[in-house]
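Novice: Let me give you the structure first, and then I'll get to my questions.
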Amino acid sequence: MVKQIQVIRGMHDILPADMPAWNQLEDSYRLLAESYGYQQIRTPIVEKSALFHRGIGEVTDIVEKEMYSFEDRNGENLSLRPENTASVVRACLENSLLNDQQHRMWYCGPMFRHERPQKGRYRQFHQLGAEALGISGPAIEAELICLAKRFWKLLGLENIELEINSLGSSECRQRFRQTLVEYFHDHYDQLDADSQRRLESNPLRILDSKNPDIQDLIDQAPKLSESLSSESSEHFLILRDILDNSGVSYKVTPRLVRGLDYYSHTVFEWVTETLGAQGTVCAGGRYDGLIEQLGGKPNYAAGFAMGCERLISMIIDQGRLQKTADCDVYLLVRGDKTQPVAQKLAESLRDELPQLKLQVQTAGGSFKSQMRRADRSGAQLALILGESEVEAGTVAIKHLRAELEQIEIAQLQAGTKISEMLGI
Ligand code: ATP
Ligand code: MG
């Protein structure tokens with residue numbers, strides 16, 4: 001036998017049995033995002049690498065070591081997208097969507113990062129996200145936060161806490177950067193190698209370090225809030241006021257700086273302690289600088305991204321998966337010559353009841369094994385078509401989930417009866 005080819009490490013098949021959870025997540029998100037007036041956007045999965053180098057920043061984990069980059073046959077350097085924000089902004093600029101306009105958009109799809117695979121961290125993973133472009137002020141940030149909060153409620157998820165922080169304007173950040181560099185220089189020997197390297201390239205990221213050995217040093221570090229201008233403080237204050245008024249509880253977390261270069265003012269994360277080490281399920285904030293960085297006129301932008309795999313783990317762990325049946329009605333077919341009539345009956349039922357989920361037994365098998373399949377499908381009703389029913393122009397209907405007597409009915413009336421029995 002030939003050796004089988006396996007899936008790539010860190011990437012996963014989403015099998016039919018996994019789909020109910022994915023559908024529950026994605027369907028709820030689509031309805032919710034659209035109820036807030038967000039429209040879907042889909043961008044290509046492959047982009048020019050330069051988009052991410054410029055958009056995310058050269059000295060971020062993603063660009064330094066996580067991108068799937070390659071040269072295509074024309075020698076052009078391309079990358080599988082590690083996130084979708086830079087692509088959404090590129091698409092809006094390229095299609096002139098940002099001229100004095102506001103856009104609320106949502107997306108859903110796979111992202112790729114070459115990380116060390118572990119629970120909640122994969123090389124192909126999926127994100128649900130939202131981006132609001134062209135809108136200044138804290139109200140839109142609050143809206144994004146409220147949308148996420150409502151999503152947890154809709155999914156029935158508990159124990160997800162909100163952490164927020166303000167990075168201020170780019171001038172505030174510049175000022176803070178200096179203070180921070182001075183502080184860490186004074187404690188240079190206590191830093192790990194990664195942080196020593198970041199001290200030159202991206203000192204804010206040291207605050208984001210997960211190394212337990214330097215946590216005390218980080219806790220003692222100067223706080224960004226002390227470097228905020230009065231305008232930036234005001235922005236943050238208004239956001240907090242809206243959140244307070246909307247009944248959203250949060251914790252202000254000074255060390256929350258986010259990994260990407262493009263954030264300013266508000267940053268936030270929704271985190272849970274129930275998932276172990278990979279506890280962030282949603283992350284976002286304001287990223288006004290990105291539009292200009294990608295060649296547009298200065299403009300406003302805010303958004304977030306959620307990790308689907310982590311949310312699905314929570315849905316399953318918290319027993320929130322809604323059971324769904326493969327079909328409502330399962331049509332059993334008995335006798336060699338019955339199949340064409342069964343197929344015809346099925347098609348006319350589909351004409352009559354377009355919302356009906358109907359599965360037809362197409363490969364014979366004993367009555368007993370067909371019945372077992374019908375039961376496993378989760379169907380409410382079994383239709384039974386044998387040679388005698390074909391001759392009489394009838395079909396038998398058996399309720400699979402209630403102790404009701406089996407009935408026999410004219411095929412022409414089957415649709416009406418099914419719709420009555422299922423209430424559809
Ligand atoms: P982390 O600090 O966990 O690496 P990040 O800051 O790199 O997260 P973002 O780029 O903000 O993550 O992505 C938003 C969300 O997408 C994360 O909060 C997480 O839920 C999910 N996510 C990010 N990377 C992965 C991954 N490799 N596998 C699964 N989910 C991921
Ligand atoms: Mg990461």
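FYI, nothing fancy with the structure tokens labels: chains A, B, ... in order, residues from 1 per chain, ligands from 1 as they appear.
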What do you get as an NGL selection string if you pick all residues at most 9 Å from ligand 1, counting only C-alpha atoms and all ligand atoms?
Specialist: :A and (10 or 61-62 or 82-83 or 111-129 or 208 or 210 or 258-260 or 269-271 or 277-284 or 304-311)
Novice: Where in range 33-206 of chain A does DSSP assign strand (DSSP E), given as a count of residues only?
Specialist: 39
Novice: I'd like the neighbourhood of Leu356 in chain A as a PDB file with N, CA, C and O atoms, in the first residue's frame, where a residue qualifies if any of its atoms comes within 9 Å (using only C-alpha atoms), though same-chain residues fewer than 2 positions away should be ignored.
Specialist:
ATOM      1  N   CYS A 327     -31.140  15.667   9.431  1.00  0.00           N
ATOM      2  CA  CYS A 327     -32.322  15.909   8.596  1.00  0.00           C
ATOM      3  C   CYS A 327     -33.580  15.826   9.469  1.00  0.00           C
ATOM      4  O   CYS A 327     -33.522  15.367  10.603  1.00  0.00           O
ATOM      5  N   ASP A 328     -34.718  16.286   8.891  1.00  0.00           N
ATOM      6  CA  ASP A 328     -36.006  16.199   9.595  1.00  0.00           C
ATOM      7  C   ASP A 328     -36.696  14.876   9.257  1.00  0.00           C
ATOM      8  O   ASP A 328     -37.385  14.297  10.072  1.00  0.00           O
ATOM      9  N   VAL A 329     -36.506  14.481   8.013  1.00  0.00           N
ATOM     10  CA  VAL A 329     -37.231  13.312   7.505  1.00  0.00           C
ATOM     11  C   VAL A 329     -36.260  12.394   6.780  1.00  0.00           C
ATOM     12  O   VAL A 329     -35.424  12.854   5.987  1.00  0.00           O
ATOM     13  N   LEU A 349     -41.505  16.424  -2.769  1.00  0.00           N
ATOM     14  CA  LEU A 349     -41.584  16.968  -1.401  1.00  0.00           C
ATOM     15  C   LEU A 349     -40.685  18.198  -1.259  1.00  0.00           C
ATOM     16  O   LEU A 349     -41.014  19.162  -0.580  1.00  0.00           O
ATOM     17  N   ARG A 350     -39.511  18.154  -1.910  1.00  0.00           N
ATOM     18  CA  ARG A 350     -38.595  19.314  -1.850  1.00  0.00           C
ATOM     19  C   ARG A 350     -39.194  20.530  -2.563  1.00  0.00           C
ATOM     20  O   ARG A 350     -38.985  21.673  -2.149  1.00  0.00           O
ATOM     21  N   GLU A 352     -42.414  21.099  -2.720  1.00  0.00           N
ATOM     22  CA  GLU A 352     -43.537  21.555  -1.910  1.00  0.00           C
ATOM     23  C   GLU A 352     -43.071  22.221  -0.615  1.00  0.00           C
ATOM     24  O   GLU A 352     -43.658  23.216  -0.165  1.00  0.00           O
ATOM     25  N   LEU A 353     -42.013  21.679  -0.007  1.00  0.00           N
ATOM     26  CA  LEU A 353     -41.535  22.190   1.297  1.00  0.00           C
ATOM     27  C   LEU A 353     -40.040  22.530   1.202  1.00  0.00           C
ATOM     28  O   LEU A 353     -39.189  21.755   1.639  1.00  0.00           O
ATOM     29  N   PRO A 354     -39.724  23.679   0.644  1.00  0.00           N
ATOM     30  CA  PRO A 354     -38.307  24.007   0.408  1.00  0.00           C
ATOM     31  C   PRO A 354     -37.456  24.028   1.684  1.00  0.00           C
ATOM     32  O   PRO A 354     -36.250  23.818   1.619  1.00  0.00           O
ATOM     33  N   LEU A 358     -34.466  16.714   4.069  1.00  0.00           N
ATOM     34  CA  LEU A 358     -34.899  15.356   3.724  1.00  0.00           C
ATOM     35  C   LEU A 358     -33.708  14.548   3.208  1.00  0.00           C
ATOM     36  O   LEU A 358     -32.974  15.003   2.333  1.00  0.00           O
ATOM     37  N   SER A 419     -45.746  18.538   6.866  1.00  0.00           N
ATOM     38  CA  SER A 419     -45.647  19.918   7.339  1.00  0.00           C
ATOM     39  C   SER A 419     -46.495  20.096   8.608  1.00  0.00           C
ATOM     40  O   SER A 419     -46.089  20.801   9.542  1.00  0.00           O
ATOM     41  N   ILE A 424     -43.862  22.822  10.170  1.00  0.00           N
ATOM     42  CA  ILE A 424     -43.077  23.709   9.279  1.00  0.00           C
ATOM     43  C   ILE A 424     -43.913  24.182   8.099  1.00  0.00           C
ATOM     44  O   ILE A 424     -44.944  23.617   7.810  1.00  0.00           O
TER      45      ILE A 424
END
Novice: Which polymer residues have any atom within 8 Å of an atom of range 400-415 of chain A, counting only C-alpha atoms, with same-chain residues fewer than 3 positions away left out, as a list in words?
Specialist: Leu345, Leu349, Glu352, Leu353, Asp375, Ala379, Gln380, Leu381, Ala382, Gly393, Thr394, Val395, Ala396, Ile397, Ile418 and Ser419 of chain A
Novice: Which distance in Å separates CA of Gly364 in chain A and CA of Val390 in chain A, to one decimal?
Specialist: 16.0 Å
Novice: Fewer than 2 positions away in the same chain doesn't count, so skip those; otherwise give me all residues within 6 Å of range 43-49 of chain A, counting only C-alpha atoms, as a list in words.
Specialist: Leu51, Phe52, Asn77, Leu78, Ser79, Leu80 and Arg81 of chain A
Novice: Residues as selected, all heavy atoms, written as a JSON list (two decimals), in the first residue's frame, can you do that?
Specialist:
[["chain", "number", "residue", "atom", "x", "y", "z"],
["A", 51, "LEU", "N", 2.55, 44.02, 2.26],
["A", 51, "LEU", "CA", 1.36, 44.53, 2.98],
["A", 51, "LEU", "C", 1.50, 44.28, 4.47],
["A", 51, "LEU", "O", 1.21, 45.16, 5.29],
["A", 51, "LEU", "CB", 0.09, 43.84, 2.45],
["A", 51, "LEU", "CG", -1.19, 44.20, 3.20],
["A", 51, "LEU", "CD1", -1.58, 45.65, 2.95],
["A", 51, "LEU", "CD2", -2.34, 43.28, 2.79],
["A", 52, "PHE", "N", 1.95, 43.09, 4.84],
["A", 52, "PHE", "CA", 2.05, 42.76, 6.26],
["A", 52, "PHE", "C", 3.31, 43.37, 6.88],
["A", 52, "PHE", "O", 3.30, 43.78, 8.03],
["A", 52, "PHE", "CB", 1.99, 41.24, 6.46],
["A", 52, "PHE", "CG", 0.76, 40.64, 5.84],
["A", 52, "PHE", "CD1", 0.84, 39.74, 4.80],
["A", 52, "PHE", "CD2", -0.50, 41.02, 6.29],
["A", 52, "PHE", "CE1", -0.31, 39.20, 4.22],
["A", 52, "PHE", "CE2", -1.65, 40.50, 5.72],
["A", 52, "PHE", "CZ", -1.55, 39.58, 4.67],
["A", 77, "ASN", "N", 7.13, 38.07, -3.94],
["A", 77, "ASN", "CA", 7.07, 37.59, -2.56],
["A", 77, "ASN", "C", 5.66, 37.73, -1.99],
["A", 77, "ASN", "O", 5.15, 38.83, -1.82],
["A", 77, "ASN", "CB", 8.09, 38.33, -1.70],
["A", 77, "ASN", "CG", 8.39, 37.51, -0.46],
["A", 77, "ASN", "OD1", 7.54, 37.36, 0.42],
["A", 77, "ASN", "ND2", 9.58, 36.94, -0.42],
["A", 78, "LEU", "N", 5.06, 36.59, -1.68],
["A", 78, "LEU", "CA", 3.67, 36.57, -1.21],
["A", 78, "LEU", "C", 3.60, 35.92, 0.17],
["A", 78, "LEU", "O", 4.51, 35.19, 0.55],
["A", 78, "LEU", "CB", 2.79, 35.77, -2.18],
["A", 78, "LEU", "CG", 2.84, 36.19, -3.65],
["A", 78, "LEU", "CD1", 1.94, 35.29, -4.48],
["A", 78, "LEU", "CD2", 2.41, 37.65, -3.82],
["A", 79, "SER", "N", 2.52, 36.17, 0.89],
["A", 79, "SER", "CA", 2.33, 35.53, 2.19],
["A", 79, "SER", "C", 0.88, 35.12, 2.37],
["A", 79, "SER", "O", -0.04, 35.82, 1.92],
["A", 79, "SER", "CB", 2.66, 36.50, 3.33],
["A", 79, "SER", "OG", 4.02, 36.84, 3.30],
["A", 80, "LEU", "N", 0.70, 33.99, 3.07],
["A", 80, "LEU", "CA", -0.64, 33.63, 3.53],
["A", 80, "LEU", "C", -0.98, 34.64, 4.62],
["A", 80, "LEU", "O", -0.13, 34.93, 5.47],
["A", 80, "LEU", "CB", -0.66, 32.22, 4.11],
["A", 80, "LEU", "CG", -0.26, 31.09, 3.18],
["A", 80, "LEU", "CD1", -0.43, 29.75, 3.90],
["A", 80, "LEU", "CD2", -1.10, 31.11, 1.92],
["A", 81, "ARG", "N", -2.18, 35.16, 4.63],
["A", 81, "ARG", "CA", -2.48, 36.25, 5.57],
["A", 81, "ARG", "C", -2.40, 35.73, 7.02],
["A", 81, "ARG", "O", -2.99, 34.70, 7.36],
["A", 81, "ARG", "CB", -3.86, 36.82, 5.30],
["A", 81, "ARG", "CG", -4.96, 35.81, 5.49],
["A", 81, "ARG", "CD", -6.32, 36.39, 5.15],
["A", 81, "ARG", "NE", -7.36, 35.43, 5.50],
["A", 81, "ARG", "CZ", -8.61, 35.52, 5.12],
["A", 81, "ARG", "NH1", -9.01, 36.52, 4.34],
["A", 81, "ARG", "NH2", -9.50, 34.62, 5.50]]
Novice: Near Asp192 in chain A, counting only C-alpha atoms, which residues have an atom at most 10 Å away, once you skip same-chain residues fewer than 4 positions from it, shown as a ChimeraX atom specification?
Specialist: /A:188,196-198,206,209,211,213-214
Novice: Once you have the residues from the selection above, write them out as a CSV table (one decimal), in the first residue's frame, restricted to C-alpha atoms.
Specialist:
chain,number,residue,atom,x,y,z
A,188,TYR,CA,19.2,45.5,31.6
A,196,GLN,CA,17.0,42.8,25.5
A,197,ARG,CA,16.6,42.6,21.8
A,198,ARG,CA,13.2,44.3,21.9
A,206,ILE,CA,8.5,43.8,26.6
A,209,SER,CA,6.2,39.3,27.6
A,211,ASN,CA,8.2,35.1,30.7
A,213,ASP,CA,11.0,35.6,35.4
A,214,ILE,CA,10.5,39.2,34.4
Novice: If we count only C-alpha atoms and set the cut-off at 12 Å, which residues sit around Tyr250 in chain A, ignoring sequence neighbours fewer than 5 positions away in its own chain? Please answer as a list in words.
Specialist: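 Within the cut-off, the hits are Ala142, Ile145, Cys146, Lys149, Ile160, Glu161, Leu162, Glu163, Ile164, Asn165, Leu239, Arg240, Asp241, Ile242, Leu243, Asp244, Phe268, Glu269, Trp270 and Val271 of chain A.
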Novice: With N, CA, C and O atoms retained, export the selected residues as a PDB file, in the first residue's frame.
Specialist:
ATOM      1  N   ALA A 142     -16.549  51.621  21.900  1.00  0.00           N
ATOM      2  CA  ALA A 142     -17.515  51.055  22.841  1.00  0.00           C
ATOM      3  C   ALA A 142     -18.495  50.144  22.110  1.00  0.00           C
ATOM      4  O   ALA A 142     -18.865  49.080  22.605  1.00  0.00           O
ATOM      5  N   ILE A 145     -16.930  46.835  21.516  1.00  0.00           N
ATOM      6  CA  ILE A 145     -16.857  46.080  22.777  1.00  0.00           C
ATOM      7  C   ILE A 145     -18.232  45.505  23.139  1.00  0.00           C
ATOM      8  O   ILE A 145     -18.357  44.344  23.537  1.00  0.00           O
ATOM      9  N   CYS A 146     -19.270  46.325  22.951  1.00  0.00           N
ATOM     10  CA  CYS A 146     -20.633  45.859  23.265  1.00  0.00           C
ATOM     11  C   CYS A 146     -21.051  44.721  22.343  1.00  0.00           C
ATOM     12  O   CYS A 146     -21.727  43.786  22.765  1.00  0.00           O
ATOM     13  N   LYS A 149     -19.489  41.658  23.633  1.00  0.00           N
ATOM     14  CA  LYS A 149     -20.157  41.216  24.865  1.00  0.00           C
ATOM     15  C   LYS A 149     -21.477  40.512  24.553  1.00  0.00           C
ATOM     16  O   LYS A 149     -21.819  39.482  25.129  1.00  0.00           O
ATOM     17  N   ILE A 160     -15.878  35.374  30.642  1.00  0.00           N
ATOM     18  CA  ILE A 160     -15.006  36.107  29.720  1.00  0.00           C
ATOM     19  C   ILE A 160     -14.940  37.547  30.234  1.00  0.00           C
ATOM     20  O   ILE A 160     -15.973  38.213  30.345  1.00  0.00           O
ATOM     21  N   GLU A 161     -13.741  37.983  30.591  1.00  0.00           N
ATOM     22  CA  GLU A 161     -13.595  39.311  31.215  1.00  0.00           C
ATOM     23  C   GLU A 161     -12.935  40.271  30.229  1.00  0.00           C
ATOM     24  O   GLU A 161     -12.103  39.879  29.418  1.00  0.00           O
ATOM     25  N   LEU A 162     -13.313  41.543  30.381  1.00  0.00           N
ATOM     26  CA  LEU A 162     -12.773  42.574  29.495  1.00  0.00           C
ATOM     27  C   LEU A 162     -11.611  43.312  30.154  1.00  0.00           C
ATOM     28  O   LEU A 162     -11.710  43.765  31.289  1.00  0.00           O
ATOM     29  N   GLU A 163     -10.508  43.435  29.426  1.00  0.00           N
ATOM     30  CA  GLU A 163      -9.376  44.252  29.874  1.00  0.00           C
ATOM     31  C   GLU A 163      -9.184  45.361  28.855  1.00  0.00           C
ATOM     32  O   GLU A 163      -9.197  45.107  27.654  1.00  0.00           O
ATOM     33  N   ILE A 164      -9.001  46.584  29.347  1.00  0.00           N
ATOM     34  CA  ILE A 164      -8.787  47.699  28.419  1.00  0.00           C
ATOM     35  C   ILE A 164      -7.582  48.521  28.848  1.00  0.00           C
ATOM     36  O   ILE A 164      -7.145  48.475  29.993  1.00  0.00           O
ATOM     37  N   ASN A 165      -7.050  49.252  27.895  1.00  0.00           N
ATOM     38  CA  ASN A 165      -5.957  50.173  28.209  1.00  0.00           C
ATOM     39  C   ASN A 165      -5.946  51.246  27.135  1.00  0.00           C
ATOM     40  O   ASN A 165      -6.558  51.082  26.081  1.00  0.00           O
ATOM     41  N   LEU A 239     -14.623  56.841  26.802  1.00  0.00           N
ATOM     42  CA  LEU A 239     -14.876  55.412  26.539  1.00  0.00           C
ATOM     43  C   LEU A 239     -15.355  54.718  27.809  1.00  0.00           C
ATOM     44  O   LEU A 239     -16.355  53.995  27.812  1.00  0.00           O
ATOM     45  N   ARG A 240     -14.639  54.964  28.894  1.00  0.00           N
ATOM     46  CA  ARG A 240     -14.984  54.299  30.156  1.00  0.00           C
ATOM     47  C   ARG A 240     -16.376  54.698  30.616  1.00  0.00           C
ATOM     48  O   ARG A 240     -17.122  53.879  31.142  1.00  0.00           O
ATOM     49  N   ASP A 241     -16.702  55.963  30.378  1.00  0.00           N
ATOM     50  CA  ASP A 241     -18.018  56.447  30.763  1.00  0.00           C
ATOM     51  C   ASP A 241     -19.114  55.729  29.969  1.00  0.00           C
ATOM     52  O   ASP A 241     -20.129  55.309  30.523  1.00  0.00           O
ATOM     53  N   ILE A 242     -18.890  55.559  28.653  1.00  0.00           N
ATOM     54  CA  ILE A 242     -19.899  54.855  27.833  1.00  0.00           C
ATOM     55  C   ILE A 242     -20.027  53.413  28.321  1.00  0.00           C
ATOM     56  O   ILE A 242     -21.129  52.882  28.450  1.00  0.00           O
ATOM     57  N   LEU A 243     -18.893  52.784  28.591  1.00  0.00           N
ATOM     58  CA  LEU A 243     -18.939  51.386  29.050  1.00  0.00           C
ATOM     59  C   LEU A 243     -19.696  51.291  30.375  1.00  0.00           C
ATOM     60  O   LEU A 243     -20.537  50.412  30.560  1.00  0.00           O
ATOM     61  N   ASP A 244     -19.402  52.220  31.284  1.00  0.00           N
ATOM     62  CA  ASP A 244     -20.090  52.217  32.584  1.00  0.00           C
ATOM     63  C   ASP A 244     -21.596  52.347  32.381  1.00  0.00           C
ATOM     64  O   ASP A 244     -22.389  51.645  32.990  1.00  0.00           O
ATOM     65  N   PHE A 268      -8.059  46.615  23.640  1.00  0.00           N
ATOM     66  CA  PHE A 268      -8.799  45.768  24.577  1.00  0.00           C
ATOM     67  C   PHE A 268      -8.615  44.295  24.257  1.00  0.00           C
ATOM     68  O   PHE A 268      -8.269  43.930  23.134  1.00  0.00           O
ATOM     69  N   GLU A 269      -8.814  43.494  25.266  1.00  0.00           N
ATOM     70  CA  GLU A 269      -8.817  42.042  25.098  1.00  0.00           C
ATOM     71  C   GLU A 269      -9.925  41.462  25.951  1.00  0.00           C
ATOM     72  O   GLU A 269     -10.165  41.919  27.066  1.00  0.00           O
ATOM     73  N   TRP A 270     -10.585  40.454  25.414  1.00  0.00           N
ATOM     74  CA  TRP A 270     -11.530  39.650  26.201  1.00  0.00           C
ATOM     75  C   TRP A 270     -10.802  38.366  26.547  1.00  0.00           C
ATOM     76  O   TRP A 270     -10.356  37.649  25.646  1.00  0.00           O
ATOM     77  N   VAL A 271     -10.662  38.095  27.832  1.00  0.00           N
ATOM     78  CA  VAL A 271      -9.868  36.939  28.249  1.00  0.00           C
ATOM     79  C   VAL A 271     -10.660  36.025  29.176  1.00  0.00           C
ATOM     80  O   VAL A 271     -11.576  36.459  29.872  1.00  0.00           O
TER      81      VAL A 271
END
Novice: Which residue out of A:Thr85, A:Asn159, A:Gln24, A:Thr60 has the minimum interatomic distance to ligand 2 when only C-alpha atoms and all ligand atoms are used?
Specialist: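 Between A:Thr85, A:Asn159, A:Gln24, A:Thr60, the residue approaching ligand 2 most closely is A:Thr60.
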Novice: So what do you get for CA of Glu171 in chain A versus CA of Ser229 in chain A, distance-wise?
Specialist: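 Separating CA of Glu171 in chain A from CA of Ser229 in chain A is a distance of 8.6 Å.
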Novice: For each of A:Ser35, A:Thr416, A:Glu66, A:Ile14, take the minimum atom-to-atom distance to ligand 2, counting only C-alpha atoms and all ligand atoms, then give the residue where this is smallest.
Specialist: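 Selected residue with least distance to ligand 2: A:Glu66.
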Novice: Go through A:Leu144, A:Leu224, A:Ala342, A:Ile218 one by one, measure the shortest atom-to-atom distance of each to Phe176 in chain A using only C-alpha atoms, and give the residue with the smallest value.
Specialist: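 For Phe176 in chain A, the nearest of the given residues is A:Leu224.
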Novice: Which is closest to ligand 2 among A:Leu204, A:Tyr107, A:Met1, A:Val63, if we use only C-alpha atoms and all ligand atoms?
Specialist: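 Of all the options, A:Val63 lies closest to ligand 2.
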Novice: Quick one: DSSP alpha helix (DSSP H) residues in range 150-333 of chain A, as number ranges by chain?
Specialist: A: 150-155, 170-186, 193-201, 215-220, 230-245, 289-293, 308-317
